[in-house]
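Source file: structure08.cif (mmCIF, C-alpha atoms)
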data_protein
loop_
_atom_site.group_PDB
_atom_site.id
_atom_site.type_symbol
_atom_site.label_atom_id
_atom_site.label_comp_id
_atom_site.auth_asym_id
_atom_site.auth_seq_id
_atom_site.Cartn_x
_atom_site.Cartn_y
_atom_site.Cartn_z
ATOM 1 C CA MET G 22 0.000 0.000 0.000
ATOM 2 C CA ILE G 23 1.979 2.973 -1.247
ATOM 3 C CA HIS G 24 0.090 6.118 -0.325
ATOM 4 C CA LEU G 25 0.629 9.443 -2.005
ATOM 5 C CA GLU G 26 1.893 10.867 1.282
ATOM 6 C CA TYR G 27 4.888 8.517 1.365
ATOM 7 C CA ILE G 28 6.199 9.743 -1.962
ATOM 8 C CA LEU G 29 5.588 13.357 -0.920
ATOM 9 C CA ILE G 30 7.509 12.777 2.327
ATOM 10 C CA ILE G 31 10.491 11.412 0.386
ATOM 11 C CA SER G 32 10.481 14.445 -1.864
ATOM 12 C CA ALA G 33 10.176 16.759 1.178
ATOM 13 C CA ILE G 34 13.242 15.087 2.746
ATOM 14 C CA MET G 35 15.129 15.634 -0.511
ATOM 15 C CA MET G 36 13.958 19.256 -0.743
ATOM 16 C CA PHE G 37 15.073 20.227 2.759
ATOM 17 C CA ALA G 38 18.347 18.325 2.484
ATOM 18 C CA GLY G 39 18.886 20.584 -0.522
ATOM 19 C CA VAL G 40 17.977 23.682 1.498
ATOM 20 C CA TYR G 41 20.451 22.680 4.215
ATOM 21 C CA GLY G 42 23.206 22.108 1.676
ATOM 22 C CA PHE G 43 22.439 25.406 -0.060
ATOM 23 C CA LEU G 44 22.826 27.300 3.220
ATOM 24 C CA THR G 45 25.925 25.568 4.579
ATOM 25 C CA ARG G 46 28.134 24.918 1.560
ATOM 26 C CA LYS G 47 30.890 27.329 0.586
ATOM 27 C CA SER G 48 31.891 26.038 -2.826
ATOM 28 C CA THR G 49 29.608 27.223 -5.623
ATOM 29 C CA LEU G 50 29.642 23.796 -7.264
ATOM 30 C CA ALA G 51 28.368 22.199 -4.053
ATOM 31 C CA ILE G 52 25.599 24.824 -3.959
ATOM 32 C CA LEU G 53 24.660 23.819 -7.508
ATOM 33 C CA LEU G 54 24.473 20.182 -6.401
ATOM 34 C CA SER G 55 21.990 21.227 -3.692
ATOM 35 C CA ILE G 56 19.921 23.136 -6.256
ATOM 36 C CA GLU G 57 19.756 19.985 -8.378
ATOM 37 C CA LEU G 58 18.431 18.111 -5.336
ATOM 38 C CA MET G 59 15.650 20.661 -4.875
ATOM 39 C CA LEU G 60 14.683 20.661 -8.572
ATOM 40 C CA ASN G 61 14.592 16.882 -8.558
ATOM 41 C CA SER G 62 12.237 16.789 -5.577
ATOM 42 C CA THR G 63 9.761 19.058 -7.378
ATOM 43 C CA ASP G 64 9.862 16.735 -10.391
ATOM 44 C CA ILE G 65 8.909 13.796 -8.161
ATOM 45 C CA ASN G 66 5.960 15.804 -6.830
ATOM 46 C CA PHE G 67 4.699 16.648 -10.316
ATOM 47 C CA ALA G 68 4.868 13.027 -11.422
ATOM 48 C CA ALA G 69 3.321 11.684 -8.200
ATOM 49 C CA PHE G 70 0.379 14.095 -8.215
ATOM 50 C CA ASN G 71 -0.296 13.306 -11.844
ATOM 51 C CA ARG G 72 -0.079 9.545 -11.376
ATOM 52 C CA MET G 73 -2.096 9.256 -8.198
ATOM 53 C CA LEU G 74 -4.671 12.037 -8.164
ATOM 54 C CA TYR G 75 -5.294 12.549 -11.889
ATOM 55 C CA PRO G 76 -4.281 9.328 -13.638
ATOM 56 C CA ASP G 77 -6.144 10.341 -16.797
ATOM 57 C CA GLY G 78 -4.307 13.630 -17.195
ATOM 58 C CA HIS G 79 -0.767 14.180 -18.360
ATOM 59 C CA GLU G 80 0.083 17.719 -17.231
ATOM 60 C CA GLY G 81 2.414 16.769 -14.381
ATOM 61 C CA TYR G 82 4.244 14.317 -16.602
ATOM 62 C CA PHE G 83 5.025 16.979 -19.176
ATOM 63 C CA PHE G 84 5.906 19.521 -16.512
ATOM 64 C CA ALA G 85 8.470 17.075 -15.125
ATOM 65 C CA LEU G 86 9.802 16.446 -18.631
ATOM 66 C CA PHE G 87 10.227 20.158 -19.399
ATOM 67 C CA SER G 88 11.655 20.784 -15.953
ATOM 68 C CA ILE G 89 14.371 18.191 -16.597
ATOM 69 C CA ALA G 90 15.250 19.918 -19.886
ATOM 70 C CA ILE G 91 15.398 23.347 -18.266
ATOM 71 C CA SER G 92 17.537 22.175 -15.353
ATOM 72 C CA ALA G 93 19.975 20.628 -17.843
ATOM 73 C CA ALA G 94 20.274 24.010 -19.582
ATOM 74 C CA GLU G 95 20.631 25.791 -16.246
ATOM 75 C CA SER G 96 23.443 23.582 -14.988
ATOM 76 C CA ALA G 97 25.321 23.830 -18.288
ATOM 77 C CA ILE G 98 25.315 27.650 -18.122
ATOM 78 C CA ALA G 99 26.165 27.636 -14.418
ATOM 79 C CA ILE G 100 29.127 25.342 -14.980
ATOM 80 C CA ALA G 101 30.391 27.563 -17.804
ATOM 81 C CA ILE G 102 30.232 30.500 -15.368
ATOM 82 C CA MET G 103 32.077 28.496 -12.670
ATOM 83 C CA ILE G 104 34.870 27.618 -15.078
ATOM 84 C CA ASN G 105 35.170 31.269 -16.069
ATOM 85 C CA ILE G 106 35.287 32.309 -12.411
ATOM 86 C CA TYR G 107 37.974 29.728 -11.757
ATOM 87 C CA ARG G 108 40.002 31.134 -14.636
ATOM 88 C CA MET G 109 39.712 34.647 -13.200
ATOM 89 C CA LEU G 110 40.086 34.053 -9.480
ATOM 90 C CA LYS G 111 41.568 30.520 -9.129
ATOM 91 C CA ASP G 112 38.938 29.801 -6.480
ATOM 92 C CA ILE G 113 35.201 29.145 -6.708
ATOM 93 C CA SER G 114 34.148 29.534 -3.091
ATOM 94 C CA VAL G 115 31.443 32.127 -2.491
ATOM 95 C CA GLY G 116 33.585 34.062 -0.019
ATOM 96 C CA LYS G 117 36.010 35.109 -2.725
ATOM 97 C CA LEU G 118 33.349 36.238 -5.199
ATOM 98 C CA GLU G 119 32.961 39.941 -4.797
ATOM 99 C CA LYS G 120 32.851 41.383 -8.289
ATOM 100 C CA MET G 121 30.873 40.447 -11.352
ATOM 101 C CA LYS G 122 32.904 42.525 -13.809
ATOM 102 C CA TRP G 123 36.034 41.211 -15.460
ATOM 103 C CA MET K 30 3.694 -7.095 1.348
ATOM 104 C CA ASN K 31 4.354 -7.711 -2.306
ATOM 105 C CA SER K 32 7.465 -6.998 -4.319
ATOM 106 C CA HIS K 33 6.094 -3.612 -5.354
ATOM 107 C CA ASN K 34 6.043 -2.363 -1.753
ATOM 108 C CA ILE K 35 9.449 -3.854 -0.946
ATOM 109 C CA MET K 36 10.915 -2.066 -3.970
ATOM 110 C CA PHE K 37 9.333 1.192 -2.828
ATOM 111 C CA ILE K 38 10.787 0.874 0.691
ATOM 112 C CA VAL K 39 14.244 0.078 -0.677
ATOM 113 C CA LEU K 40 14.084 3.088 -3.021
ATOM 114 C CA ALA K 41 12.802 5.378 -0.251
ATOM 115 C CA VAL K 42 15.594 4.490 2.185
ATOM 116 C CA PHE K 43 18.162 4.709 -0.605
ATOM 117 C CA ILE K 44 16.979 8.166 -1.731
ATOM 118 C CA ALA K 45 16.732 9.573 1.803
ATOM 119 C CA LEU K 46 20.183 8.348 2.890
ATOM 120 C CA SER K 47 21.845 9.452 -0.339
ATOM 121 C CA SER K 48 20.331 12.917 -0.187
ATOM 122 C CA PHE K 49 21.529 13.329 3.400
ATOM 123 C CA MET K 50 25.002 12.198 2.410
ATOM 124 C CA THR K 51 25.006 14.598 -0.559
ATOM 125 C CA VAL K 52 24.810 17.581 1.747
ATOM 126 C CA LEU K 53 26.770 16.169 4.698
ATOM 127 C CA THR K 54 29.837 14.626 3.110
ATOM 128 C CA LYS K 55 33.065 16.624 3.184
ATOM 129 C CA SER K 56 34.500 15.929 -0.230
ATOM 130 C CA ILE K 57 32.649 17.524 -3.140
ATOM 131 C CA ILE K 58 33.357 14.689 -5.545
ATOM 132 C CA ARG K 59 31.677 12.322 -3.099
ATOM 133 C CA ALA K 60 28.721 14.704 -2.941
ATOM 134 C CA ALA K 61 28.422 14.461 -6.737
ATOM 135 C CA THR K 62 28.489 10.653 -6.517
ATOM 136 C CA TYR K 63 25.749 10.602 -3.892
ATOM 137 C CA LEU K 64 23.731 12.988 -6.069
ATOM 138 C CA LEU K 65 24.047 10.407 -8.849
ATOM 139 C CA PHE K 66 22.557 7.814 -6.488
ATOM 140 C CA VAL K 67 19.670 10.153 -5.616
ATOM 141 C CA LEU K 68 18.918 10.725 -9.299
ATOM 142 C CA LEU K 69 18.993 6.999 -10.073
ATOM 143 C CA GLY K 70 16.657 6.357 -7.139
ATOM 144 C CA THR K 71 14.297 9.001 -8.493
ATOM 145 C CA ALA K 72 14.349 7.266 -11.863
ATOM 146 C CA GLY K 73 13.432 4.080 -9.997
ATOM 147 C CA LEU K 74 10.450 5.869 -8.453
ATOM 148 C CA TYR K 75 9.286 6.961 -11.915
ATOM 149 C CA PHE K 76 9.584 3.385 -13.145
ATOM 150 C CA LEU K 77 7.575 2.254 -10.115
ATOM 151 C CA MET K 78 4.846 4.748 -10.985
ATOM 152 C CA GLY K 79 4.708 3.324 -14.492
ATOM 153 C CA TYR K 80 6.221 6.411 -16.128
ATOM 154 C CA THR K 81 8.879 4.508 -18.032
ATOM 155 C CA PHE K 82 9.683 7.242 -20.547
ATOM 156 C CA LEU K 83 10.128 9.845 -17.798
ATOM 157 C CA GLY K 84 12.382 7.426 -15.907
ATOM 158 C CA SER K 85 14.578 6.844 -18.941
ATOM 159 C CA VAL K 86 14.790 10.585 -19.603
ATOM 160 C CA GLN K 87 15.831 11.026 -15.974
ATOM 161 C CA VAL K 88 18.582 8.407 -16.330
ATOM 162 C CA MET K 89 19.817 9.754 -19.656
ATOM 163 C CA VAL K 90 19.727 13.501 -18.980
ATOM 164 C CA TYR K 91 20.384 13.719 -15.252
ATOM 165 C CA ALA K 92 22.444 10.655 -14.388
ATOM 166 C CA GLY K 93 24.157 10.384 -17.741
ATOM 167 C CA GLY K 94 24.586 14.030 -18.668
ATOM 168 C CA ILE K 95 24.448 16.438 -15.777
ATOM 169 C CA VAL K 96 26.399 14.395 -13.228
ATOM 170 C CA VAL K 97 29.185 13.736 -15.735
ATOM 171 C CA LEU K 98 29.260 17.483 -16.435
ATOM 172 C CA TYR K 99 29.537 18.154 -12.697
ATOM 173 C CA VAL K 100 32.369 15.680 -12.203
ATOM 174 C CA PHE K 101 34.222 17.210 -15.157
ATOM 175 C CA SER K 102 33.864 20.720 -13.801
ATOM 176 C CA ILE K 103 34.850 19.665 -10.274
ATOM 177 C CA LEU K 104 38.044 18.175 -11.673
ATOM 178 C CA LEU K 105 38.641 21.175 -13.975
ATOM 179 C CA THR K 106 38.383 23.603 -11.084
ATOM 180 C CA SER K 107 40.556 21.334 -8.903
ATOM 181 C CA GLY K 108 37.639 21.201 -6.506
ATOM 182 C CA ALA K 109 38.280 17.572 -5.536
ATOM 183 C CA LYS K 110 40.579 18.684 -2.754
ATOM 184 C CA ASP K 111 38.294 21.563 -1.947
ATOM 185 C CA VAL K 112 37.242 20.432 1.517
ATOM 186 C CA VAL K 113 34.243 22.357 2.774
ATOM 187 C CA ASN K 114 34.939 22.573 6.484
ATOM 188 C CA ASN K 115 35.302 26.317 6.953
ATOM 189 C CA ARG K 116 31.699 26.760 8.007
ATOM 190 C CA THR K 117 30.940 28.136 11.386
ATOM 191 C CA LYS K 118 28.992 26.259 14.031
ATOM 192 C CA LYS K 119 26.376 28.979 14.279
ATOM 193 C CA LYS K 120 25.677 29.000 10.575
ATOM 194 C CA VAL K 121 25.287 25.221 10.483
ATOM 195 C CA PHE K 122 22.938 25.399 13.461
ATOM 196 C CA PHE K 123 20.696 28.010 11.863
ATOM 197 C CA ALA K 124 20.664 26.205 8.512
ATOM 198 C CA ALA K 125 19.700 22.941 10.214
ATOM 199 C CA LEU K 126 17.041 24.738 12.243
ATOM 200 C CA LEU K 127 15.556 26.365 9.138
ATOM 201 C CA SER K 128 15.458 23.076 7.214
ATOM 202 C CA LEU K 129 13.934 21.196 10.145
ATOM 203 C CA VAL K 130 11.263 23.849 10.684
ATOM 204 C CA GLY K 131 10.477 23.887 6.967
ATOM 205 C CA PHE K 132 10.329 20.109 6.843
ATOM 206 C CA ALA K 133 8.020 19.983 9.866
ATOM 207 C CA THR K 134 5.728 22.594 8.308
ATOM 208 C CA VAL K 135 5.512 20.711 5.021
ATOM 209 C CA LEU K 136 4.919 17.443 6.888
ATOM 210 C CA VAL K 137 2.060 18.911 8.941
ATOM 211 C CA VAL K 138 0.432 20.413 5.846
ATOM 212 C CA LEU K 139 0.756 17.139 3.928
ATOM 213 C CA LEU K 140 -0.631 14.944 6.687
ATOM 214 C CA LYS K 141 -3.479 17.285 7.622
ATOM 215 C CA HIS K 142 -4.640 17.775 4.066
ATOM 216 C CA GLY K 143 -5.865 14.180 3.835
ATOM 217 C CA PHE K 144 -5.565 13.304 0.180
ATOM 218 C CA LYS K 145 -8.315 11.030 -0.999
ATOM 219 C CA ALA K 146 -7.040 7.494 -0.494
ATOM 220 C CA ALA K 147 -4.640 7.535 -3.389
ATOM 221 C CA VAL K 148 -2.788 4.227 -3.484
ATOM 222 C CA LEU K 149 -0.242 3.336 -6.120
ATOM 223 C CA SER K 150 -1.442 0.224 -7.913
ATOM 224 C CA ALA K 151 0.739 -2.345 -9.616
ATOM 225 C CA PRO K 152 3.141 -0.875 -12.159
ATOM 226 C CA GLU K 153 1.693 -0.578 -15.592
ATOM 227 C CA GLU K 154 2.186 1.812 -18.435
ATOM 228 C CA GLY K 155 0.422 4.530 -16.419
ATOM 229 C CA GLY K 156 -1.822 5.653 -19.260
ATOM 230 C CA ILE K 157 0.990 7.503 -21.035
ATOM 231 C CA THR K 158 2.881 5.589 -23.676
ATOM 232 C CA ILE K 159 5.769 6.841 -25.800
ATOM 233 C CA ASP K 160 3.310 7.072 -28.675
ATOM 234 C CA SER K 161 1.034 9.454 -26.791
ATOM 235 C CA VAL K 162 4.051 11.454 -25.522
ATOM 236 C CA GLY K 163 5.073 12.084 -29.127
ATOM 237 C CA ARG K 164 1.547 13.040 -30.112
ATOM 238 C CA PHE K 165 1.137 15.465 -27.205
ATOM 239 C CA MET K 166 4.551 17.019 -27.821
ATOM 240 C CA LEU K 167 3.907 17.881 -31.442
ATOM 241 C CA SER K 168 0.205 18.714 -31.473
ATOM 242 C CA SER K 169 -0.917 22.310 -31.397
ATOM 243 C CA GLY K 170 -4.456 21.397 -30.380
ATOM 244 C CA GLN K 171 -6.126 21.589 -27.030
ATOM 245 C CA ASN K 172 -3.807 19.170 -25.206
ATOM 246 C CA GLY K 173 -0.732 19.927 -27.247
ATOM 247 C CA TYR K 174 2.660 21.069 -26.044
ATOM 248 C CA LEU K 175 4.052 22.363 -29.330
ATOM 249 C CA LEU K 176 4.768 25.878 -28.041
ATOM 250 C CA PRO K 177 6.729 24.837 -24.897
ATOM 251 C CA PHE K 178 8.523 22.209 -26.993
ATOM 252 C CA GLU K 179 9.725 24.852 -29.443
ATOM 253 C CA ALA K 180 10.524 27.241 -26.595
ATOM 254 C CA VAL K 181 12.714 24.577 -24.980
ATOM 255 C CA SER K 182 14.486 23.976 -28.279
ATOM 256 C CA VAL K 183 15.271 27.707 -28.579
ATOM 257 C CA LEU K 184 16.353 27.710 -24.919
ATOM 258 C CA LEU K 185 18.785 24.839 -25.515
ATOM 259 C CA LEU K 186 20.200 26.589 -28.586
ATOM 260 C CA ALA K 187 20.697 29.789 -26.582
ATOM 261 C CA CYS K 188 22.258 27.682 -23.838
ATOM 262 C CA ILE K 189 24.812 26.150 -26.239
ATOM 263 C CA VAL K 190 25.761 29.576 -27.633
ATOM 264 C CA ALA K 191 25.981 31.155 -24.178
ATOM 265 C CA GLY K 192 28.008 28.266 -22.768
ATOM 266 C CA LEU K 193 30.547 28.594 -25.586
ATOM 267 C CA LEU K 194 30.608 32.384 -25.258
ATOM 268 C CA ILE K 195 31.098 32.410 -21.489
ATOM 269 C CA ALA K 196 33.632 29.611 -21.177
ATOM 270 C CA ARG K 197 35.779 30.458 -24.225
ATOM 271 C CA LYS K 198 39.410 31.359 -23.871
ATOM 272 C CA ARG K 199 40.224 35.019 -24.335
#

Would you encode the structure as structure tokens?
Amino acid sequence: MIHLEYILIISAIMMFAGVYGFLTRKSTLAILLSIELMLNSTDINFAAFNRMLYPDGHEGYFFALFSIAISAAESAIAIAIMINIYRMLKDISVGKLEKMKW
Amino acid sequence: MNSHNIMFIVLAVFIALSSFMTVLTKSIIRAATYLLFVLLGTAGLYFLMGYTFLGSVQVMVYAGGIVVLYVFSILLTSGAKDVVNNRTKKKVFFAALLSLVGFATVLVVLLKHGFKAAVLSAPEEGGITIDSVGRFMLSSGQNGYLLPFEAVSVLLLACIVAGLLIARKR
């Protein structure tokens, strides 16, 4: 008996693990990893609501699909920015990032 | 207690432990590896719900693409020896407090809402086959997703150009 609540609790655990990591990490890449955790938990929610409450619909399914595509684009751009920052400052921790101009 | 439930419990424990380890482990390359485990567990959940196409997209794009990209960039920025231990006790305490309070709030809201007894049945194709995914993606009718599909294609093109432009050597 898998209730909808169980899946939502798993995704809530994942979401707030991501929040904790976002607030405590210093390295920008580790912060990005936490953001991926949070995005992934929302995808689970979309799919679970669609499957269990509205099995005839398909909106949550497509939202999860588009969300995966957008998070792929987001992490590609973010990693390009990190590599550029590393080239400029030789360090990607948030404490050293004080200027956006180069 | 059939195999479906056992699989769900295994996946749930696996996802929860891996997501804790992602944010608690010291080395960033280990965090990326645990994130890979979380993403594979999520793909397992999609398969369990009967959304096989979504699960394979998750494995291909997230586990196969994004995590490899992360590991590459961690190694390129010599972040593997970048140990994240310079965080203060107070900051960790407040972050943990905020996440626990948020988690408790979400939990209370979820459990008090009382969803109508929605129970996941045995895995099947979940009503959405690859055939219907293709039809929905490319139809401009009432249930079509042609406009977001094209918008995502333009977004990915812009993403390729911007990634090359930002990360190029000067």

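CA of Ile58 in chain K lies 20.1 Å from CA of Gly116 in chain G.
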
Using the chain letters and numbers from this file, what does the PyMOL selection byres ((chain G and resi 39) around 8) select? Give the answer as a VMD selection string. (chain G and resid 35 to 38 40 to 43 55 to 59) or (chain K and resid 48 52)

Chain K near chain G within 7 Å: what's each residue's closest atom pair and its distance in Å to one decimal, counting all atoms listed in the file, ordered by chain then ascending residue number, as JSON lines?
{"residue": "K:Asn34", "atom": "CA", "partner": "G:Met22", "partner_atom": "CA", "distance": 6.7}
{"residue": "K:Ala41", "atom": "CA", "partner": "G:Ile31", "partner_atom": "CA", "distance": 6.5}
{"residue": "K:Ala45", "atom": "CA", "partner": "G:Ile34", "partner_atom": "CA", "distance": 6.6}
{"residue": "K:Ser48", "atom": "CA", "partner": "G:Met35", "partner_atom": "CA", "distance": 5.9}
{"residue": "K:Phe49", "atom": "CA", "partner": "G:Ala38", "partner_atom": "CA", "distance": 6.0}
{"residue": "K:Val52", "atom": "CA", "partner": "G:Gly42", "partner_atom": "CA", "distance": 4.8}
{"residue": "K:Ile57", "atom": "CA", "partner": "G:Ala51", "partner_atom": "CA", "distance": 6.4}
{"residue": "K:Ala61", "atom": "CA", "partner": "G:Leu54", "partner_atom": "CA", "distance": 7.0}
{"residue": "K:Met78", "atom": "CA", "partner": "G:Arg72", "partner_atom": "CA", "distance": 6.9}
{"residue": "K:Leu83", "atom": "CA", "partner": "G:Leu86", "partner_atom": "CA", "distance": 6.7}
{"residue": "K:Ile95", "atom": "CA", "partner": "G:Ala93", "partner_atom": "CA", "distance": 6.5}
{"residue": "K:Ser102", "atom": "CA", "partner": "G:Ile100", "partner_atom": "CA", "distance": 6.7}
{"residue": "K:Thr106", "atom": "CA", "partner": "G:Tyr107", "partner_atom": "CA", "distance": 6.2}
{"residue": "K:Val113", "atom": "CA", "partner": "G:Lys47", "partner_atom": "CA", "distance": 6.4}
{"residue": "K:Arg116", "atom": "CA", "partner": "G:Thr45", "partner_atom": "CA", "distance": 6.8}
{"residue": "K:Lys120", "atom": "CA", "partner": "G:Thr45", "partner_atom": "CA", "distance": 6.9}
{"residue": "K:Val121", "atom": "CA", "partner": "G:Thr45", "partner_atom": "CA", "distance": 5.9}
{"residue": "K:Ala124", "atom": "CA", "partner": "G:Tyr41", "partner_atom": "CA", "distance": 5.6}
{"residue": "K:Ala125", "atom": "CA", "partner": "G:Tyr41", "partner_atom": "CA", "distance": 6.1}
{"residue": "K:Ser128", "atom": "CA", "partner": "G:Phe37", "partner_atom": "CA", "distance": 5.3}
{"residue": "K:Phe132", "atom": "CA", "partner": "G:Phe37", "partner_atom": "CA", "distance": 6.3}
{"residue": "K:Leu139", "atom": "CA", "partner": "G:Glu26", "partner_atom": "CA", "distance": 6.9}
{"residue": "K:Ala147", "atom": "CA", "partner": "G:Met73", "partner_atom": "CA", "distance": 5.7}
{"residue": "K:Val148", "atom": "CA", "partner": "G:His24", "partner_atom": "CA", "distance": 4.7}
{"residue": "K:Leu149", "atom": "CA", "partner": "G:Ile23", "partner_atom": "CA", "distance": 5.4}
{"residue": "K:Gly156", "atom": "CA", "partner": "G:Asp77", "partner_atom": "CA", "distance": 6.8}
{"residue": "K:Leu185", "atom": "CA", "partner": "G:Ala94", "partner_atom": "CA", "distance": 6.2}
{"residue": "K:Cys188", "atom": "CA", "partner": "G:Ala94", "partner_atom": "CA", "distance": 6.0}
{"residue": "K:Gly192", "atom": "CA", "partner": "G:Ile98", "partner_atom": "CA", "distance": 5.4}
{"residue": "K:Ile195", "atom": "CA", "partner": "G:Ala101", "partner_atom": "CA", "distance": 6.1}
{"residue": "K:Ala196", "atom": "CA", "partner": "G:Ala101", "partner_atom": "CA", "distance": 5.1}

In Å, with one decimal, what is the gap from CA of Ser107 in chain K to CA of Ser56 in chain K? 11.9 Å

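The coordinates place CA of Gly173 in chain K at 26.0 Å from CA of Leu74 in chain K.
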
Nearest residue to Val39 in chain K from the set K:Leu77, K:Leu53, K:Ile189, K:Val137 (distances using all atoms listed in the file):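 That would be K:Leu77, the residue with the smallest distance to Val39 in chain K.
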
Which residues, written as an mmCIF file with C-alpha atoms, keeping the file's coordinate frame, have at least one atom at most 9 Å from Ser85 in chain K, with only C-alpha atoms counted and residues fewer than 5 positions away on the same chain left out?
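Saved to out-v2.cif:
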data_model
loop_
_atom_site.group_PDB
_atom_site.id
_atom_site.type_symbol
_atom_site.label_atom_id
_atom_site.label_comp_id
_atom_site.auth_asym_id
_atom_site.auth_seq_id
_atom_site.Cartn_x
_atom_site.Cartn_y
_atom_site.Cartn_z
ATOM 1 C CA ALA K 72 14.349 7.266 -11.863
ATOM 2 C CA TYR K 75 9.286 6.961 -11.915
ATOM 3 C CA PHE K 76 9.584 3.385 -13.145
ATOM 4 C CA TYR K 80 6.221 6.411 -16.128
ATOM 5 C CA VAL K 90 19.727 13.501 -18.980
#
